[in-house]
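> Take this structure first; my questions come after.
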Amino acid sequence: MSTAEKNVDIAGSESQTPVTETTADSVQQSDTPGIETPQEEQPYRLTVKAPNGAQVPVLATAQETVQDIKQVVSETPSTVEYSCFSLQYNGQRLNDFSELGELDLELECQLDLIEEEYTEREARLHVSRLRDLLTSTVTASADVAGVDAGASVFDTIKHPEGVADAVQTDLESTESKSDSTKKTKKKQKEKEKQVETPKDNEVSSHAFQGFEFESVPQFDVLSAEKALKQLRLPQCVRQLVLSGWNPVPRHRHLQGDLLYLQVVTLENQTFQITSSRNGFFVNASSSTRFNPAQYSEAYAGQPGVRGSEFYCAHSLVTLLRRISPKFAQSFDQLQAEMAKHEPVEVLPFATSEQAATPWLVRNNASQEYDSGRTQDMLRQGAQGDALRDWNEELQSIRELPRSSLSERVLRDRQLHKWHAEFGEAAIRGAMAVVEGEMLALNPSDPQEQHMYLRDNIFYSKGFDGRETFAELGGDAAAHVATGKDITGVRLLNQLDVEGLNTLGSVVVDYRGVRVVAQSVVPGIFRRQETTQIVYGSIDSGNTVGSDAEFHKLVEPVAKALHFGEHTVKDAEGAEHKLFTSADVKGLTGTDGRKYLLDLYRMTPVDVEFLENECKGSSYPHKLVLLRPELIDIYWENRVRKAVQEYAVEKAKKPSEETKDESESQQDAKLTKDALAGFEFTLEFSPDAFTALQAKDSGEELANAVRDASKFLREVSVPALAQDLAAYTTSPLSGDALVTAMHQRGINMRYLGQIANLLPADVESARNVRRLVIFEMIARATKHILRKLFRQIPAHLHMEAFALVANGLVGTRYCADPTEYLSAAARAIPALADLKPEHLAAEVCSQIQQRFRFELDANFADSLVKGSERILLREICIKSGVQLALRDYKFERPDEAAVYAAAVASMGTQRLSKPAKRAVRARVEAEMARKLSIEVSDVVNFVAITKAGVQSASFADEAFEAGRVSLEQGQKALGLELLLESLALHEQTFGVLHPESARCYAVVSLAHYDAGEHDLAAEFMTRAVVVSERTHARGNTLLALRLMRRAMDLWRLINSPDHPDLATAHNNIGVMLQSLRLHDDALRFFRSCLDIRRHLLGNEHILVANAQHSLAKALAITGDFKEAVQVERDAHAFFNSRFGAEDPRTRETAEWLSELTFNAVRSAKLSRAAQEKIRDIASAAANLVPVDRENSSEAKNAKGDLPIDELLKFITGSSSSKPKPKPGRRAKGPKGSRR
């Protein structure tokens, strides 16, 4: 946890964040190499005293810097006005970049906040920060990440009715705390206990009341509109902009003026404010007259003019509070509104490229007038970062020292910051290239060969303009090579070999065009001898460089990637020894650094696919390579087999010395020396089976490449298909399927083989097979759209996408979407001829060519029908399209049904006249739609990026060490390592990053296992919100609302019978049981069993587990007869599969025995009750009066039966009716008066 996050609650209350302490006995040595076991250390409890009288408590560790403490102070509400200051201890100024452990500080001490003089840079940052505070934009830039990118809906789930009531409760709790802390804690514990285990009559409603298992939720569950409305903040000023009197005249600059600002307050008063070295003051200028003197001096003595101290302050916030009472009131309200939300919900993005991009967004997002944004646009215009040398920055950061932990953390942090900023700049530039906003360096060349340079970033398009890949497939091969180049950059960045440099690289796909953005190599535009290629080939093998120094530098890379030294011949027949492929180029820049470029061949060729599937033009290109994950998996597989064979062989040959030893001594010695003398070598050639490598050299390396290729086709792909069919691996969406394939080293071109291996006639495999086929359809559609976008004008891209989408998912709504094309679109044959049957044929052709799968031409009816929403989502995500958030209909709706839905949305059946008009307008608008997806529904196109990011090596090592320690049962050590990893991740990546979210989740589980449930809930809340924006504490009702949200999302992107939903239903049942809602819980346990039986059959361990859970739920409701039947099936499975001694078998046997006893007892009680009823009926027939209330028999019977309702019925209490009151007639059976 970062210092800022740890101290969010400290500043505003007396409570402090708990500190995890570890005893000396619990700290053990870690077995993970390179990770030192953290020692117990005491935290620093600091108090920062500000000039305004505020005292900020800060809890920090020794590894955190003074700058981290300053960040906490500037984010605390009581000191948010300070940005330009220093911290002093005993009169000595502290260095901002020093770690606390390096300073001579006591564990509990006070630091003084000292206001410092402003520079122009500090003044600009101060004003920009205030503008950010006043606007508080929680979403990322729409230009880079898309509309509503990074928005969180967590708060709307946690507080469905708003956050005001929750905040008011918290405020009351805080006030009562000041009166009596002990009473408050006692009440709080009682309240938490009531929330956690409420009584039956306290739970009036929950998220799963009336839940329909087979229904699909509406798209509006994805809406972030309500959440963004809750995050809307009060206005504090009408205008805060740079004044027209800028820039500061030189004579005034010498007197300390830095900037001139113009502020219009909520009282409609306009102030001209000067930012000076000593702070901010109101000057005497107006919009027509320049007078930089202080307002109090220029108008001294006039009515209403106060002293000079009133019109000046060190902080602009303090000054605005004085001159505008409404600002002071609104700013306090703004801070209170921000405090209502989780800190990670309102935390702004450092860079927009980290934000998650939704595919359904608001179409009518309001835009507020802000003249300050126009100044930002001008400031970020054509000049941008033109003076920023991206490459020099990157290489300088890589050359930072990394010997100590603090040095490695600082280096990783700077690398991540650079990659994030470069990525955002590259995305903006690439979009400008596609939209024609950037001038080419070579405008006379064909458009495919255009190159661009802006802000010291070099741009080129992913086409084979210079026919480099002519023999490998032309443009298709060039397109693939750019993506493989990013993979190579990632590999080298992970290895991080000292002295070997790569370029900053980003690949951007935007509106059908792939753009490659790279930092500029020094001297690349100067054709000098110092910049020519010295390693590898630049002309397809005609000339080859094999510089000895470069060769030695590349050797560690080759060893890590399992490359062997191989021979390459140039055009003259000369042989050259290389480690990497000849297509990988080694270059020495004018700065003297060694660079590796064109890293698309950093893995060997998939020779089996190349020889069997790439004959002629049957596949788009011949640049088919193995994935690096596959090379690692195959290498580990061969190592494991070699070790086993060596151990067996060595065990067969006991030495003469061990003949007299006992068997146990021989086993111990064999285990100790099992790998003594073991040697293993397996290397690959990246140039094997290409025209570059000599045919008579490297035969062993080439055989290894062929064996790895066979392993992929014959082992990895069938194993994944088997796991998918058995639901051992159960991806929920196309992205999850891609991740599962890549983790196993399987390329996407094997999707067709996986689909063929999945049985089409088996019901249990229907779901996952459809997911695989939809992934192929989405990817084929992406290629069709890419080709189509390049053939038509940019203003028709929206119409082209709507046409393709309707042709795939909207044919039941409109059989021929081309009838509704605009005149401009009908004039283009590529659009006018794209009828649904032609589109389906093109999709089938693309799938057959790229994936070797025969798709039925009538797939829209046979496969897509009923699952249109799933395919539409996959197409939008793959193509980078954002659609308007609305309830899309995929078949023409009935007017009566539309009217009923519109009336139901009003919440009442009795409609007023305005409501009736609104309903009628809604019905008419819905029935007027001609297409399922109209052109106006296409809101935005977003850029899809691939970047060569840098990983945080030490943070990852600490994370893995902590995870392994937890698995080994070392909980204290594991938790310490995970917390250390979390701190490193936050320092490196920041809070809003997927890696930080992963750490939050694992740390939460560790705290939960340690019994610290409050901390576990806090960390998991952050994990949920951060994951939501990039990718509640013991409250079961809140957990149910979160589960309902997850269930709705799952059912939208997949079918209601997915195996993961069975697990979710089981968890929901457990939560409902904790609320004592046993009947509702029973429905979800039954659903869990039904889904698993449907997918897995009766003979499966997951089915038996579901039967065991259902049996216990039935027992709680008193249905012992059915519980015995269900538990008997579970026991029979465990007994037959695992034997009678297995713990699961013994547990089910005990439950079966107990349930059988209760069932027999219940049956006996039921028979006794029947006899009792017959006796009562006989007595009534003989007209013998019975006083049930005073009967001793009835008194003795009470309390003997386990079921209350049966007790009341037998004793007669339920059959007795109240006597009618005097003067009133009793009602008959149907309510009539007798």
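Simple scheme: letters A, B, ... for chains in structure tokens order, numbers from 1 for residues in each chain, numbers from 1 for ligands in the order shown.
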Please provide as a VMD selection string all residues within 12 Å of Thr288 of chain A, with the sequence filter that same-chain residues fewer than 6 positions apart are discarded (counting only C-alpha atoms).

chain A and resid 243 to 245 272

> For the selection you just gave me, I'd like the residues written to a file as a JSON list (two decimals), in the first residue's frame, keeping N, CA, C and O atoms.


[["chain", "number", "residue", "atom", "x", "y", "z"],
["A", 243, "SER", "N", -4.68, 34.82, -18.20],
["A", 243, "SER", "CA", -5.16, 36.13, -18.60],
["A", 243, "SER", "C", -4.58, 36.52, -19.95],
["A", 243, "SER", "O", -3.52, 36.03, -20.38],
["A", 244, "GLY", "N", -5.27, 37.41, -20.62],
["A", 244, "GLY", "CA", -4.79, 37.92, -21.89],
["A", 244, "GLY", "C", -3.59, 38.84, -21.76],
["A", 244, "GLY", "O", -3.01, 39.23, -22.78],
["A", 245, "TRP", "N", -3.17, 39.17, -20.52],
["A", 245, "TRP", "CA", -2.01, 40.03, -20.32],
["A", 245, "TRP", "C", -0.70, 39.24, -20.32],
["A", 245, "TRP", "O", 0.36, 39.82, -20.16],
["A", 272, "GLN", "N", -8.33, 39.87, -11.71],
["A", 272, "GLN", "CA", -7.06, 39.62, -12.37],
["A", 272, "GLN", "C", -6.04, 39.31, -11.27],
["A", 272, "GLN", "O", -5.83, 40.11, -10.36]]

> Could you give me, as a list of chain:residue names, the residues within 10 Å of Met741 of chain A, counting only C-alpha atoms and dropping anything in the same chain fewer than 3 positions from it?

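Result of the neighbour search: A:Glu629, A:Ser716, A:Val717, A:Leu720, A:Asp735, A:Ala736, A:Leu737, A:Val738, A:Arg744, A:Gly745, A:Ile746, A:Asn747, A:Met748, A:Tyr750, A:Leu751.
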
> Keeping only all heavy atoms, write the selected residues as an mmCIF file, in the first residue's frame.


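New file again31.cif:
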data_model
loop_
_atom_site.group_PDB
_atom_site.id
_atom_site.type_symbol
_atom_site.label_atom_id
_atom_site.label_comp_id
_atom_site.auth_asym_id
_atom_site.auth_seq_id
_atom_site.Cartn_x
_atom_site.Cartn_y
_atom_site.Cartn_z
ATOM 1 N N GLU A 629 6.324 -18.725 -25.409
ATOM 2 C CA GLU A 629 5.807 -19.591 -24.335
ATOM 3 C C GLU A 629 5.924 -21.062 -24.725
ATOM 4 O O GLU A 629 6.210 -21.918 -23.879
ATOM 5 C CB GLU A 629 4.349 -19.250 -24.018
ATOM 6 C CG GLU A 629 4.126 -17.843 -23.503
ATOM 7 C CD GLU A 629 3.828 -16.851 -24.598
ATOM 8 O OE1 GLU A 629 4.111 -17.171 -25.771
ATOM 9 O OE2 GLU A 629 3.305 -15.761 -24.306
ATOM 10 N N SER A 716 0.217 -29.934 -27.449
ATOM 11 C CA SER A 716 -0.346 -28.743 -26.807
ATOM 12 C C SER A 716 -1.781 -28.475 -27.252
ATOM 13 O O SER A 716 -2.673 -28.253 -26.419
ATOM 14 C CB SER A 716 0.538 -27.522 -27.106
ATOM 15 O OG SER A 716 1.792 -27.657 -26.505
ATOM 16 N N VAL A 717 -2.013 -28.483 -28.573
ATOM 17 C CA VAL A 717 -3.359 -28.181 -29.074
ATOM 18 C C VAL A 717 -4.370 -29.233 -28.630
ATOM 19 O O VAL A 717 -5.441 -28.880 -28.109
ATOM 20 C CB VAL A 717 -3.332 -28.022 -30.602
ATOM 21 C CG1 VAL A 717 -4.750 -27.871 -31.140
ATOM 22 C CG2 VAL A 717 -2.490 -26.812 -30.995
ATOM 23 N N LEU A 720 -5.174 -28.753 -24.875
ATOM 24 C CA LEU A 720 -6.068 -27.635 -24.593
ATOM 25 C C LEU A 720 -7.500 -27.969 -24.983
ATOM 26 O O LEU A 720 -8.446 -27.649 -24.238
ATOM 27 C CB LEU A 720 -5.597 -26.388 -25.344
ATOM 28 C CG LEU A 720 -6.495 -25.154 -25.201
ATOM 29 C CD1 LEU A 720 -6.619 -24.734 -23.735
ATOM 30 C CD2 LEU A 720 -5.991 -23.995 -26.042
ATOM 31 N N ASP A 735 -11.412 -12.893 -25.050
ATOM 32 C CA ASP A 735 -10.139 -12.464 -24.477
ATOM 33 C C ASP A 735 -9.557 -13.529 -23.553
ATOM 34 O O ASP A 735 -8.343 -13.791 -23.559
ATOM 35 C CB ASP A 735 -10.320 -11.156 -23.710
ATOM 36 C CG ASP A 735 -10.616 -9.989 -24.625
ATOM 37 O OD1 ASP A 735 -10.285 -10.088 -25.818
ATOM 38 O OD2 ASP A 735 -11.185 -8.990 -24.151
ATOM 39 N N ALA A 736 -10.424 -14.149 -22.739
ATOM 40 C CA ALA A 736 -9.952 -15.210 -21.840
ATOM 41 C C ALA A 736 -9.474 -16.425 -22.630
ATOM 42 O O ALA A 736 -8.501 -17.079 -22.245
ATOM 43 C CB ALA A 736 -11.067 -15.603 -20.875
ATOM 44 N N LEU A 737 -10.127 -16.729 -23.736
ATOM 45 C CA LEU A 737 -9.688 -17.837 -24.586
ATOM 46 C C LEU A 737 -8.316 -17.553 -25.189
ATOM 47 O O LEU A 737 -7.440 -18.430 -25.220
ATOM 48 C CB LEU A 737 -10.717 -18.081 -25.697
ATOM 49 C CG LEU A 737 -10.348 -19.129 -26.746
ATOM 50 C CD1 LEU A 737 -10.233 -20.515 -26.116
ATOM 51 C CD2 LEU A 737 -11.387 -19.147 -27.875
ATOM 52 N N VAL A 738 -8.119 -16.323 -25.657
ATOM 53 C CA VAL A 738 -6.821 -15.945 -26.220
ATOM 54 C C VAL A 738 -5.728 -16.054 -25.159
ATOM 55 O O VAL A 738 -4.634 -16.577 -25.427
ATOM 56 C CB VAL A 738 -6.890 -14.511 -26.790
ATOM 57 C CG1 VAL A 738 -5.507 -14.025 -27.192
ATOM 58 C CG2 VAL A 738 -7.829 -14.466 -27.991
ATOM 59 N N ARG A 744 -0.300 -21.309 -23.095
ATOM 60 C CA ARG A 744 0.160 -22.642 -23.488
ATOM 61 C C ARG A 744 1.001 -22.603 -24.754
ATOM 62 O O ARG A 744 1.339 -23.661 -25.292
ATOM 63 C CB ARG A 744 -1.045 -23.566 -23.677
ATOM 64 C CG ARG A 744 -1.842 -23.785 -22.396
ATOM 65 C CD ARG A 744 -3.061 -24.625 -22.654
ATOM 66 N NE ARG A 744 -3.843 -24.809 -21.442
ATOM 67 C CZ ARG A 744 -4.223 -26.006 -20.978
ATOM 68 N NH1 ARG A 744 -3.862 -27.097 -21.619
ATOM 69 N NH2 ARG A 744 -4.949 -26.093 -19.893
ATOM 70 N N GLY A 745 1.284 -21.398 -25.253
ATOM 71 C CA GLY A 745 2.140 -21.279 -26.419
ATOM 72 C C GLY A 745 1.457 -21.606 -27.726
ATOM 73 O O GLY A 745 2.125 -21.956 -28.702
ATOM 74 N N ILE A 746 0.137 -21.486 -27.781
ATOM 75 C CA ILE A 746 -0.624 -21.857 -28.978
ATOM 76 C C ILE A 746 -0.989 -20.594 -29.744
ATOM 77 O O ILE A 746 -1.560 -19.655 -29.184
ATOM 78 C CB ILE A 746 -1.895 -22.641 -28.601
ATOM 79 C CG1 ILE A 746 -1.517 -23.903 -27.819
ATOM 80 C CG2 ILE A 746 -2.698 -23.013 -29.838
ATOM 81 C CD1 ILE A 746 -2.703 -24.683 -27.298
ATOM 82 N N ASN A 747 -0.668 -20.567 -31.024
ATOM 83 C CA ASN A 747 -0.999 -19.427 -31.875
ATOM 84 C C ASN A 747 -2.474 -19.438 -32.226
ATOM 85 O O ASN A 747 -3.144 -20.479 -32.219
ATOM 86 C CB ASN A 747 -0.171 -19.472 -33.160
ATOM 87 C CG ASN A 747 1.317 -19.548 -32.880
ATOM 88 O OD1 ASN A 747 1.844 -20.624 -32.620
ATOM 89 N ND2 ASN A 747 2.007 -18.422 -32.934
ATOM 90 N N MET A 748 -2.998 -18.268 -32.597
ATOM 91 C CA MET A 748 -4.416 -18.161 -32.909
ATOM 92 C C MET A 748 -4.771 -18.893 -34.202
ATOM 93 O O MET A 748 -5.945 -19.189 -34.439
ATOM 94 C CB MET A 748 -4.823 -16.686 -33.004
ATOM 95 C CG MET A 748 -4.569 -15.879 -31.741
ATOM 96 S SD MET A 748 -5.157 -16.689 -30.229
ATOM 97 C CE MET A 748 -6.898 -16.778 -30.556
ATOM 98 N N TYR A 750 -4.434 -21.822 -34.798
ATOM 99 C CA TYR A 750 -4.881 -23.170 -34.447
ATOM 100 C C TYR A 750 -6.292 -23.186 -33.874
ATOM 101 O O TYR A 750 -6.729 -24.219 -33.348
ATOM 102 C CB TYR A 750 -3.909 -23.795 -33.448
ATOM 103 C CG TYR A 750 -2.592 -24.195 -34.074
ATOM 104 C CD1 TYR A 750 -1.476 -23.376 -33.962
ATOM 105 C CD2 TYR A 750 -2.471 -25.377 -34.793
ATOM 106 C CE1 TYR A 750 -0.269 -23.722 -34.542
ATOM 107 C CE2 TYR A 750 -1.263 -25.738 -35.377
ATOM 108 C CZ TYR A 750 -0.169 -24.906 -35.255
ATOM 109 O OH TYR A 750 1.005 -25.263 -35.842
ATOM 110 N N LEU A 751 -7.010 -22.081 -33.950
ATOM 111 C CA LEU A 751 -8.401 -22.061 -33.480
ATOM 112 C C LEU A 751 -9.249 -23.081 -34.222
ATOM 113 O O LEU A 751 -10.100 -23.746 -33.630
ATOM 114 C CB LEU A 751 -8.985 -20.652 -33.663
ATOM 115 C CG LEU A 751 -8.698 -19.620 -32.572
ATOM 116 C CD1 LEU A 751 -9.131 -18.240 -33.024
ATOM 117 C CD2 LEU A 751 -9.382 -19.998 -31.273
#

> Give me, as a ChimeraX atom specification, the residues of segment 869-1082 of chain A that a backbone DSSP run labels helix (DSSP H, G or I).

/A:869-879,895-906,913-927,935-937,953-967,971-989,994-1009,1013-1030,1036-1053,1059-1074,1078-1082

> Contacts of Tyr260 of chain A at 6 Å or less, counting only C-alpha atoms, minus same-chain residues fewer than 2 places along, as a list in words?

Ser243, Asn246, Ile273 and Thr274 of chain A

> Quick one: DSSP strand (DSSP E) residues in segment 802-1009 of chain A, as number ranges by chain?

A: 881-884, 938-941, 944-947

> Neighbours of Phe550 of chain A within 9 Å (only C-alpha atoms; same-chain residues fewer than 4 positions away dropped), as a ChimeraX atom specification?

/A:500,534-535,546,554-555,586-587,594

> Please produce an output containing all heavy atoms for each residue in the selection, written as a tab-separated table (two decimals), in the first residue's frame.


chain	number	residue	atom	x	y	z
A	500	LEU	N	22.85	-3.71	-24.00
A	500	LEU	CA	22.08	-4.02	-25.21
A	500	LEU	C	20.78	-3.23	-25.16
A	500	LEU	O	19.99	-3.39	-24.22
A	500	LEU	CB	21.80	-5.52	-25.28
A	500	LEU	CG	21.33	-6.07	-26.63
A	500	LEU	CD1	22.37	-5.81	-27.71
A	500	LEU	CD2	21.05	-7.56	-26.52
A	534	VAL	N	25.95	-3.77	-38.19
A	534	VAL	CA	27.16	-4.54	-37.91
A	534	VAL	C	26.84	-5.97	-37.50
A	534	VAL	O	27.76	-6.78	-37.32
A	534	VAL	CB	28.00	-3.87	-36.80
A	534	VAL	CG1	28.47	-2.50	-37.23
A	534	VAL	CG2	27.19	-3.77	-35.50
A	535	TYR	N	25.56	-6.30	-37.33
A	535	TYR	CA	25.16	-7.65	-36.93
A	535	TYR	C	23.84	-7.98	-37.61
A	535	TYR	O	22.88	-7.22	-37.51
A	535	TYR	CB	25.01	-7.73	-35.41
A	535	TYR	CG	25.02	-9.14	-34.85
A	535	TYR	CD1	26.21	-9.84	-34.72
A	535	TYR	CD2	23.84	-9.76	-34.44
A	535	TYR	CE1	26.23	-11.12	-34.20
A	535	TYR	CE2	23.85	-11.03	-33.91
A	535	TYR	CZ	25.05	-11.73	-33.79
A	535	TYR	OH	25.07	-13.00	-33.28
A	546	SER	N	28.60	-9.79	-38.69
A	546	SER	CA	28.77	-10.67	-37.53
A	546	SER	C	29.85	-10.10	-36.61
A	546	SER	O	30.84	-10.76	-36.31
A	546	SER	CB	29.14	-12.09	-37.98
A	546	SER	OG	30.29	-12.06	-38.82
A	554	VAL	N	25.21	-10.45	-27.48
A	554	VAL	CA	23.92	-11.13	-27.72
A	554	VAL	C	23.89	-12.51	-27.07
A	554	VAL	O	22.82	-13.08	-26.88
A	554	VAL	CB	23.66	-11.22	-29.24
A	554	VAL	CG1	22.45	-12.06	-29.55
A	554	VAL	CG2	23.50	-9.83	-29.83
A	555	GLU	N	25.03	-13.04	-26.66
A	555	GLU	CA	25.08	-14.41	-26.13
A	555	GLU	C	24.17	-14.63	-24.93
A	555	GLU	O	23.49	-15.66	-24.86
A	555	GLU	CB	26.53	-14.77	-25.78
A	555	GLU	CG	26.70	-16.22	-25.37
A	555	GLU	CD	28.16	-16.59	-25.16
A	555	GLU	OE1	29.02	-15.70	-25.32
A	555	GLU	OE2	28.43	-17.76	-24.84
A	586	GLY	N	21.67	-5.66	-35.76
A	586	GLY	CA	22.43	-4.98	-34.73
A	586	GLY	C	23.05	-3.72	-35.27
A	586	GLY	O	23.70	-3.73	-36.32
A	587	LEU	N	22.87	-2.62	-34.57
A	587	LEU	CA	23.27	-1.30	-35.09
A	587	LEU	C	23.97	-0.53	-33.98
A	587	LEU	O	23.59	-0.60	-32.81
A	587	LEU	CB	22.03	-0.55	-35.59
A	587	LEU	CG	22.19	0.86	-36.11
A	587	LEU	CD1	21.20	1.08	-37.26
A	587	LEU	CD2	21.90	1.88	-35.02
A	594	LYS	N	24.69	0.17	-28.41
A	594	LYS	CA	24.37	-0.96	-29.27
A	594	LYS	C	22.86	-1.18	-29.27
A	594	LYS	O	22.25	-1.33	-28.20
A	594	LYS	CB	25.07	-2.23	-28.78
A	594	LYS	CG	26.56	-2.09	-28.55
A	594	LYS	CD	27.33	-1.95	-29.85
A	594	LYS	CE	28.84	-1.94	-29.60
A	594	LYS	NZ	29.62	-1.78	-30.85

> Quick one: residues within 7 Å of Asn363 of chain A, only C-alpha atoms, excluding same-chain residues fewer than 4 positions away - as a list in words?

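Neighbouring residues, sequence-local ones excluded: Ala884, Leu885 and Val939 of chain A.
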
> Mind checking which residues fall within 10 Å of Asn1067 of chain A, counting only C-alpha atoms, ignoring those fewer than 4 positions away in the same chain, and posting them as a short mmCIF file (atom, residue, chain, number, x, y, z; two decimals) with N, CA, C and O atoms, in the first residue's frame?


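The result, written out as part_16.cif:
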data_model
loop_
_atom_site.label_atom_id
_atom_site.label_comp_id
_atom_site.auth_asym_id
_atom_site.auth_seq_id
_atom_site.Cartn_x
_atom_site.Cartn_y
_atom_site.Cartn_z
N LEU A 1040 -23.74 -9.61 -2.09
CA LEU A 1040 -24.76 -10.12 -3.01
C LEU A 1040 -24.97 -9.15 -4.18
O LEU A 1040 -25.16 -9.58 -5.32
N MET A 1043 -22.13 -9.65 -6.46
CA MET A 1043 -22.30 -10.91 -7.19
C MET A 1043 -23.37 -10.78 -8.27
O MET A 1043 -23.24 -11.35 -9.36
N LEU A 1061 -20.56 -20.03 -13.94
CA LEU A 1061 -21.80 -19.57 -13.30
C LEU A 1061 -22.27 -20.58 -12.26
O LEU A 1061 -22.92 -20.21 -11.29
N ALA A 1062 -21.98 -21.87 -12.46
CA ALA A 1062 -22.34 -22.86 -11.45
C ALA A 1062 -21.62 -22.57 -10.14
O ALA A 1062 -22.21 -22.63 -9.06
N THR A 1063 -20.32 -22.26 -10.23
CA THR A 1063 -19.57 -21.90 -9.03
C THR A 1063 -20.14 -20.64 -8.38
O THR A 1063 -20.25 -20.55 -7.16
N MET A 1071 -23.97 -17.39 0.64
CA MET A 1071 -24.22 -16.05 1.20
C MET A 1071 -25.67 -15.91 1.64
O MET A 1071 -25.96 -15.31 2.68
N LEU A 1072 -26.60 -16.44 0.86
CA LEU A 1072 -28.00 -16.37 1.25
C LEU A 1072 -28.26 -17.19 2.51
O LEU A 1072 -29.09 -16.81 3.35
N GLN A 1073 -27.56 -18.31 2.66
CA GLN A 1073 -27.70 -19.08 3.89
C GLN A 1073 -27.22 -18.29 5.10
O GLN A 1073 -27.82 -18.36 6.17
N ALA A 1081 -31.67 -19.68 -1.00
CA ALA A 1081 -30.39 -20.35 -1.19
C ALA A 1081 -30.56 -21.69 -1.88
O ALA A 1081 -29.74 -22.10 -2.72
N PHE A 1084 -30.43 -21.68 -5.70
CA PHE A 1084 -29.12 -21.53 -6.32
C PHE A 1084 -28.29 -22.81 -6.19
O PHE A 1084 -27.52 -23.14 -7.10
N PHE A 1085 -28.45 -23.55 -5.09
CA PHE A 1085 -27.77 -24.84 -5.00
C PHE A 1085 -28.30 -25.82 -6.05
O PHE A 1085 -27.54 -26.58 -6.64
N CYS A 1088 -26.88 -24.78 -9.42
CA CYS A 1088 -25.47 -25.20 -9.54
C CYS A 1088 -25.39 -26.66 -9.95
O CYS A 1088 -24.62 -27.03 -10.86
#

> Got a sec: who's within 12 Å of Arg306 of chain A, counting only C-alpha atoms, leaving out chain neighbours fewer than 3 positions off, as an NGL selection string?

:A and (282 or 294-303 or 309-312 or 322-323)
